[in-house]
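Chemist: Here's a structure for you.
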Amino acid sequence: MTHGTLLRQITDYANRADPYPLYAELRKTPVLHEEDGPYVVSTYWEIRGLLHDPRISSDARNLSPAAARLSPEVAGATEEEEGSGLPPSFLRLDPPEHDRLRRMAMTPFGPPHTPRRIHEMRGELTRIVADLIDGFGDRTRIDLVDSFSYPFPVTVICRLLGIPREDETRFHTWADTIAASLDPDPSADPVERRRVAQGARTELGMYLSGLIEERRRTPGDDLLSALAAGHGPDGQMSHLEVLTTAALLLIAGHETTVNLITNGMLTLLRNPPVLQRLRDEPGLAVPLVEELLRFEPPVQLLPQRTTLADIEIAGTTVPKGASLWLILASGNRDPRRFADPDRFDPDRPDIQHLGFGSGIHSCFGAPLARLEAQIALAELARRLEGPHLVEDPPPYRRNAVLRGPRHLNIAFDRLVG
Amino acid sequence: MPADGTLERLRREGRIVIVGASLAGLRAAETLRVEGFTGSLTLIGDEPAEPYDRPPLSKQVLLGKAAADRTTLPRRREIDATWRLGVAATGLDMAARTVRLADGDEVEYDRLLITTGVRARPWPHELEAELDGVFVLRDRDDAARLYARLRAGPRRVVVIGAGFTGSEIASACRERGLPVTVVERGAAPLVGALGAVVGEVAAALQREHGVDLRCGAMVTRLEGDSAGRLCRAHLADGETVDTDVAVVALGATRNTEWLAGSGLGAGPRGIACDAGCRAFDASGIVTDDIFAAGDVARSPHPLFGYQFLSLEHWGNAVAQAEIAAHNMIHASADRRPHLNVPAFWSSQFGVNIKSVGVPPMGEQLLIAQGALAERRFTGVYGYQGRVIAAVTFDQTKWLDFYQRQIESAAPFPPAFTTVDRRAENLHPVPAGFPDPSQPTHGPTVTVSGYSPTDRRITFTPARV
């Protein structure tokens, strides 16, 4: 197997259901570089080092022209996001702009200023989960993605941002359309798909824009109000910055959590003794979700990094301006870091996984994602009696970056109250 | 020569005594059990309380966000030990392998670990130190007493010494809205630990938060009223500050007096030991049954020119305790060196300060990322052309990278571009550490040489 084919196989849909043997192959060359391609880093310590390396930029403007040409098509999400006409979110910026925007977004969201915001959502999250499961009705066979893992995070982000309940349905529709565009169906007409997605994006942008104006005038208790009206030592966000940040929270927030929950249920159904344990001891959800983030991370790779200088990684010199791919999911299964890495083990000690990245761009929404997944999986385990997979492996989304099943058909005997 | 059988017996039924029941002692005990030691384990501590965490004492506790008696360290596992708390060790007989206790008891050991740590350096004038209103801050009772007094709303607090502890106390007082005067002998707060350039940032931070900061100043006398209550502090320049609370934050003294005359290589600067935590005897020969870890230990670090470092760092105590515990029950071929890179953090005036490496060894400083003026930056210290330390103000997440730079003896100044590198910071500047021959307050790291020719980078520890 040549290196070139290895790299192509990562994006090849045929390997989506189980990319891990490929990653094992990849780790034999910690820094893989094929002609004109990105530098692909697949081992734990090297990835971790790069996530903390100030010579690595997240700003695409630092890519060399040659590297820029080959970058966008791999990072489907980037291309689509950039098509939105909005300035880049802090995800795609370097300090100091990144720090300022992220800090302002963090102030109403988490510590040190608002340490309890997410914690206090527990009751509401539990209610949303209960409603969705109740919504299964008399069915004993469902598509978990459509009936549960998808609507759950979208509803949550609506509540968090402060989208009025009556608008939630419209919001879901836009979110669905945009998400579908991130997950291209090869049989669909790409031009038409793009047009529809662009339309949804514009409508969503206009909707949010109006809401931001409203919240700026009469702030509520929600996150959007805080972003729009708040002012700390860093000043206030501009209208456009609030819009970009809200769009980031929406897209990055739900597209990943859907996969975390779906991957989680899939993994549990493949590991019945663990599922049984979770049913008996719901507290297991906490370490279980951490292991899940190691074992089946929703974000498999970060394709948007570039070098600001010539740097040496594991004996390879990566030139300035090169495109770097960090294969988080591969680092998570690096046997030099985790013993018996291909085993799903919620009792694993010292589980510093790369599922949320690390360093200054480490996942902003991690506390929310953790709580959502913990509650969702514990409740599904408790309420579904005799659950099993209808097909294994399930059909996957096209996307190699945000990896997860498109559908997860499961059957069960009955719902427990 | 202990054969394998002897070691096996030690692990199975040996007697291990740990003197010092704090962070390092507890973590060592846990590690011993994790690594299969099933013999008898005794922990001796002069404080009556179970091991507790100290960092909150100068932060959350003074703010009333945590009670002093609620900082007990979490247990990571059962250690099945005999606890001798509230009784100090008073002597060591190396030949008979016994530790003497204050209550007259003697405890025998096959392996001894000393983790007696440090205590606050008291105000040197005894009568003044006994005035009502004069405090130090090291243990739980200190913190509880000081908190009670701060809550009662004194009209002013004088903090003597602007090292990390003194600065954190001043920060807590300001957060409580109390008027604070900080008196620092050096040119700036934290100057001994981080140098004058960074010290100036700390000074500006303090003044901005309303601290009456007096640098290059010294308290010469604490004056009491007729009832024995503190009422005034006299400064060397003749000025006075009316106050009812003074906190003496002049660094720490190592708890080694109980070892005097034992023949162990212990003194005011700590217990000298090798990189594997084995203590030296007074003649410089390594013992094989006595180990030291945590604040009280002083050991050579290969990464820093084999200089003997003694560190009052939380992370160091944990890492060194684990190494000591491992080495106590393993044969020489399986022993591990303590190679942990020193790291320190502090929280004051809303800023998170963290350092790695040994900043006081630094001759030059480069602000590699961010800006001093914004109080958000990463400073890199250079020593003889290599990176020796780094400090961050609210930029902790970059420290891992600079730690790797230190570990790989990367060249200084760094030749590469980074994110957030500012045009005004293209060149290094002198780091501005005080002349080591001039005593100052508050360093947390001391570095000293093997031989007189190495002494040029020795840094003198805090002195009154």
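All residue names refer to the structure tokens as shown: chains lettered A, B, ... in order, residues numbered from 1 in each chain, ligands numbered from 1 in order.
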If we count only C-alpha atoms, what is near Arg70 in chain B at a cut-off of 12 Å, once residues fewer than 3 positions away on the same chain are taken out, given as a count of residues only?

Modeler: 20

Chemist: Please identify all polymer residues within 7 Å of Leu308 in chain A, counting only C-alpha atoms, omitting same-chain residues fewer than 2 positions from it, and present them as a list in words.

Modeler: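 What passes the distance filter is Arg55, Ile56, Ser57, Thr306, Lys320 and Gly321 of chain A; Thr417 and Thr418 of chain B.
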
Chemist: How close does each residue of chain B get to chain A, giving the shortest atom pair and distance in Å to one decimal for every residue with an atom at most 12 Å away, counting only C-alpha atoms, sorted by chain and residue number, as CSV?

Modeler:
residue,atom,partner,partner_atom,distance
B:Arg76,CA,A:Pro349,CA,12.0
B:Gly350,CA,A:Pro112,CA,9.8
B:Val351,CA,A:Pro112,CA,11.2
B:Asn352,CA,A:Pro112,CA,11.2
B:Ala368,CA,A:Pro54,CA,9.5
B:Gln369,CA,A:Pro54,CA,8.5
B:Gly370,CA,A:Pro96,CA,7.2
B:Ala371,CA,A:Pro96,CA,9.9
B:Glu374,CA,A:Pro96,CA,10.7
B:Arg376,CA,A:Pro96,CA,9.7
B:Phe377,CA,A:Pro96,CA,10.2
B:Thr378,CA,A:Pro54,CA,10.6
B:Asp394,CA,A:Asp99,CA,10.3
B:Gln395,CA,A:Ile360,CA,8.8
B:Thr396,CA,A:Gly359,CA,9.0
B:Lys397,CA,A:Gly359,CA,5.3
B:Trp398,CA,A:His52,CA,5.6
B:Leu399,CA,A:His52,CA,7.8
B:Asp400,CA,A:His52,CA,6.3
B:Phe401,CA,A:Asp53,CA,5.5
B:Tyr402,CA,A:Asp53,CA,8.5
B:Gln403,CA,A:Gly49,CA,10.5
B:Arg404,CA,A:Gly49,CA,8.5
B:Gln405,CA,A:Asp53,CA,10.4
B:Pro414,CA,A:Arg55,CA,11.1
B:Ala415,CA,A:Ala309,CA,9.3
B:Phe416,CA,A:Ala309,CA,6.0
B:Thr417,CA,A:Ala309,CA,6.1
B:Thr418,CA,A:Arg55,CA,4.4
B:Val419,CA,A:Pro54,CA,5.5
B:Asp420,CA,A:Pro95,CA,5.3
B:Arg421,CA,A:Pro95,CA,9.1
B:Arg422,CA,A:Pro96,CA,10.0

Chemist: Output C-alpha atoms for every residue in the selection just made, as a compact mmCIF listing (two decimals), in the first residue's frame.

Modeler:
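Ended up saving to again_29.txt:
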# COMPACT_ATOMS: atom_id res chain seq x y z
CA ARG B 76 -7.17 8.31 45.22
CA GLY B 350 -8.05 38.34 38.12
CA VAL B 351 -4.98 37.07 36.28
CA ASN B 352 -3.83 33.50 35.97
CA ALA B 368 7.09 35.74 22.49
CA GLN B 369 3.33 36.15 22.32
CA GLY B 370 0.88 38.82 23.37
CA ALA B 371 1.87 42.07 25.03
CA GLU B 374 -2.36 43.96 27.77
CA ARG B 376 -1.81 38.80 28.49
CA PHE B 377 1.43 37.38 27.27
CA THR B 378 3.93 34.55 27.15
CA ASP B 394 -3.65 34.46 31.04
CA GLN B 395 -2.11 32.37 28.27
CA THR B 396 -1.66 29.04 30.02
CA LYS B 397 -2.49 26.95 27.01
CA TRP B 398 0.81 27.73 25.29
CA LEU B 399 2.98 26.50 28.16
CA ASP B 400 3.15 22.88 27.00
CA PHE B 401 4.97 24.05 23.92
CA TYR B 402 7.52 26.06 25.84
CA GLN B 403 8.03 23.20 28.25
CA ARG B 404 9.07 21.09 25.27
CA GLN B 405 11.41 23.89 24.24
CA PRO B 414 13.63 31.47 19.39
CA ALA B 415 14.29 31.80 15.68
CA PHE B 416 10.75 31.13 14.53
CA THR B 417 7.55 33.12 14.06
CA THR B 418 4.53 32.40 16.21
CA VAL B 419 0.95 33.53 16.33
CA ASP B 420 0.45 36.81 18.15
CA ARG B 421 4.07 37.91 17.93
CA ARG B 422 4.10 41.72 18.24

Chemist: Can you list, as a PyMOL selection string, all residues belonging to range 202-434 of chain B that DSSP tags as strand (DSSP E)?

Modeler: chain B and resi 212-215+219-224+230-235+240-242+245-248+252-254+266-267+270-272+278-280+286-292+297-301+307-311+343-348+351-357+364-371+376-383+386-393+429-430

Chemist: How many Å lie between CA of Pro154 in chain B and CA of Leu178 in chain B, rounded to one decimal?

Modeler: 7.4 Å

Chemist: May I ask which of the residues B:Val391, B:Val429, B:Thr6, B:Ile329 is the closest one to Arg33 in chain B, counting only C-alpha atoms?

Modeler: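 Among the listed residues, the smallest separation from Arg33 in chain B belongs to B:Ile329.
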
Chemist: Residues of range 84-166 of chain A that approach range 260-268 of chain A to 10 Å or less, counting only C-alpha atoms: could you list each one with the shortest pair of atoms and its distance in Å to one decimal, rows by chain and increasing residue number, as JSON lines?

Modeler:
{"residue": "A:Leu144", "atom": "CA", "partner": "A:Thr262", "partner_atom": "CA", "distance": 7.2}
{"residue": "A:Val145", "atom": "CA", "partner": "A:Thr262", "partner_atom": "CA", "distance": 6.6}
{"residue": "A:Phe148", "atom": "CA", "partner": "A:Thr262", "partner_atom": "CA", "distance": 9.0}
{"residue": "A:Ser149", "atom": "CA", "partner": "A:Ile261", "partner_atom": "CA", "distance": 6.0}
{"residue": "A:Tyr150", "atom": "CA", "partner": "A:Thr262", "partner_atom": "CA", "distance": 9.0}
{"residue": "A:Phe152", "atom": "CA", "partner": "A:Ile261", "partner_atom": "CA", "distance": 9.7}
{"residue": "A:Pro153", "atom": "CA", "partner": "A:Ile261", "partner_atom": "CA", "distance": 9.7}

Chemist: Keeping all heavy atoms, export the residues of the selection given above as a CSV table (one decimal), in the first residue's frame.

Modeler:
chain,number,residue,atom,x,y,z
A,144,LEU,N,-32.7,6.3,15.1
A,144,LEU,CA,-32.3,7.1,16.2
A,144,LEU,C,-31.8,8.5,15.8
A,144,LEU,O,-32.0,9.4,16.5
A,144,LEU,CB,-31.2,6.4,17.0
A,144,LEU,CG,-30.8,7.0,18.3
A,144,LEU,CD1,-31.8,6.7,19.4
A,144,LEU,CD2,-29.4,6.7,18.8
A,145,VAL,N,-31.2,8.6,14.6
A,145,VAL,CA,-30.7,9.9,14.2
A,145,VAL,C,-31.9,10.8,14.0
A,145,VAL,O,-31.9,11.9,14.5
A,145,VAL,CB,-29.9,9.7,12.9
A,145,VAL,CG1,-29.5,11.1,12.4
A,145,VAL,CG2,-28.7,8.8,13.1
A,148,PHE,N,-34.2,11.2,17.3
A,148,PHE,CA,-33.6,11.6,18.6
A,148,PHE,C,-32.3,12.4,18.5
A,148,PHE,O,-32.2,13.5,18.9
A,148,PHE,CB,-33.3,10.3,19.5
A,148,PHE,CG,-32.8,10.6,20.9
A,148,PHE,CD1,-33.8,10.9,21.9
A,148,PHE,CD2,-31.5,10.7,21.1
A,148,PHE,CE1,-33.3,11.2,23.2
A,148,PHE,CE2,-31.0,11.0,22.4
A,148,PHE,CZ,-32.0,11.2,23.4
A,149,SER,N,-31.2,11.7,18.0
A,149,SER,CA,-29.9,12.4,18.1
A,149,SER,C,-29.9,13.7,17.3
A,149,SER,O,-29.1,14.6,17.6
A,149,SER,CB,-28.8,11.5,17.6
A,149,SER,OG,-29.1,10.2,17.5
A,150,TYR,N,-30.7,13.8,16.3
A,150,TYR,CA,-30.7,15.1,15.5
A,150,TYR,C,-31.5,16.2,16.2
A,150,TYR,O,-31.0,17.3,16.5
A,150,TYR,CB,-31.2,14.8,14.1
A,150,TYR,CG,-30.5,15.7,13.2
A,150,TYR,CD1,-29.3,15.4,12.6
A,150,TYR,CD2,-31.0,17.1,13.0
A,150,TYR,CE1,-28.6,16.3,11.8
A,150,TYR,CE2,-30.3,17.9,12.2
A,150,TYR,CZ,-29.1,17.5,11.6
A,150,TYR,OH,-28.4,18.4,10.9
A,152,PHE,N,-32.5,16.5,19.2
A,152,PHE,CA,-32.1,16.9,20.6
A,152,PHE,C,-31.1,18.1,20.6
A,152,PHE,O,-31.5,19.1,21.2
A,152,PHE,CB,-31.5,15.7,21.3
A,152,PHE,CG,-31.0,15.9,22.7
A,152,PHE,CD1,-31.6,16.7,23.6
A,152,PHE,CD2,-29.8,15.3,23.1
A,152,PHE,CE1,-31.2,16.9,24.9
A,152,PHE,CE2,-29.3,15.5,24.4
A,152,PHE,CZ,-30.0,16.3,25.3
A,153,PRO,N,-29.9,18.0,20.0
A,153,PRO,CA,-29.0,19.2,20.2
A,153,PRO,C,-29.5,20.5,19.5
A,153,PRO,O,-29.2,21.6,20.0
A,153,PRO,CB,-27.7,18.7,19.5
A,153,PRO,CG,-28.0,17.4,18.9
A,153,PRO,CD,-29.3,16.9,19.3

Chemist: What does the distance from CA of Ile388 in chain B to CA of Ala193 in chain B come to in Å, to one decimal?

Modeler: 13.5 Å

Chemist: Write out as number ranges by chain the residues lying within 7 Å of Phe164 in chain B, counting only C-alpha atoms and excluding same-chain residues fewer than 2 positions away.

Modeler: B: 162, 166-168, 190, 346, 442

Chemist: Give the alpha helix (DSSP H) residues of range 148-383 of chain A, as assigned by DSSP on the backbone, as number ranges by chain.

Modeler: A: 151-161, 168-181, 190-217, 223-229, 239-270, 272-280, 285-295, 328-331, 366-383

Chemist: Which residues of range 238-292 of chain B have any atom within 12 Å of an atom in range 104-112 of chain B when counting only C-alpha atoms, and what is the closest pair of atoms for each, with the distance in Å to one decimal? Order the rows by chain and rising number and write it as JSON lines.

Modeler:
{"residue": "B:Cys277", "atom": "CA", "partner": "B:Leu112", "partner_atom": "CA", "distance": 11.3}
{"residue": "B:Arg278", "atom": "CA", "partner": "B:Leu112", "partner_atom": "CA", "distance": 9.9}
{"residue": "B:Ala279", "atom": "CA", "partner": "B:Leu112", "partner_atom": "CA", "distance": 9.9}
{"residue": "B:Thr287", "atom": "CA", "partner": "B:Arg111", "partner_atom": "CA", "distance": 10.4}
{"residue": "B:Asp288", "atom": "CA", "partner": "B:Arg111", "partner_atom": "CA", "distance": 8.4}
{"residue": "B:Asp289", "atom": "CA", "partner": "B:Arg111", "partner_atom": "CA", "distance": 4.8}
{"residue": "B:Ile290", "atom": "CA", "partner": "B:Leu112", "partner_atom": "CA", "distance": 4.8}
{"residue": "B:Phe291", "atom": "CA", "partner": "B:Leu112", "partner_atom": "CA", "distance": 6.1}
{"residue": "B:Ala292", "atom": "CA", "partner": "B:Leu112", "partner_atom": "CA", "distance": 8.3}

Chemist: Give me, as a ChimeraX atom specification, all polymer residues having an atom no more than 12 Å from Trp45 in chain A, counting only C-alpha atoms and skipping those fewer than 4 positions away in the same chain.

Modeler: /A:27,30-31,41,49-52,313-314,326-328,330-338,352-354,358 /B:400-401,404

Chemist: Just want the 12 Å neighbourhood of Pro19 in chain A, counted on only C-alpha atoms, with same-chain residues fewer than 5 positions away dropped. Output as a list in words.

Modeler: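 That gives Leu6, Leu7, Arg8, Gln9, Ile10, Thr11, Asp12, Tyr13, Ala14, Ala24, Glu25, Leu26, Phe295, Glu296, Pro297, Gln300, Leu301, Ile327, Ala329, Ser330, Arg333, Asp342, Tyr396, Ala400, Val401, Arg403 and Gly404 of chain A.
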
Chemist: Find the residues near Gly230 in chain A: any atom within 9 Å, counting only C-alpha atoms, skip ones fewer than 6 places away on the same chain, and give them as a list in words.

Modeler: Met104, Thr107, Pro108, Arg216, Gln236 and Met237 of chain A
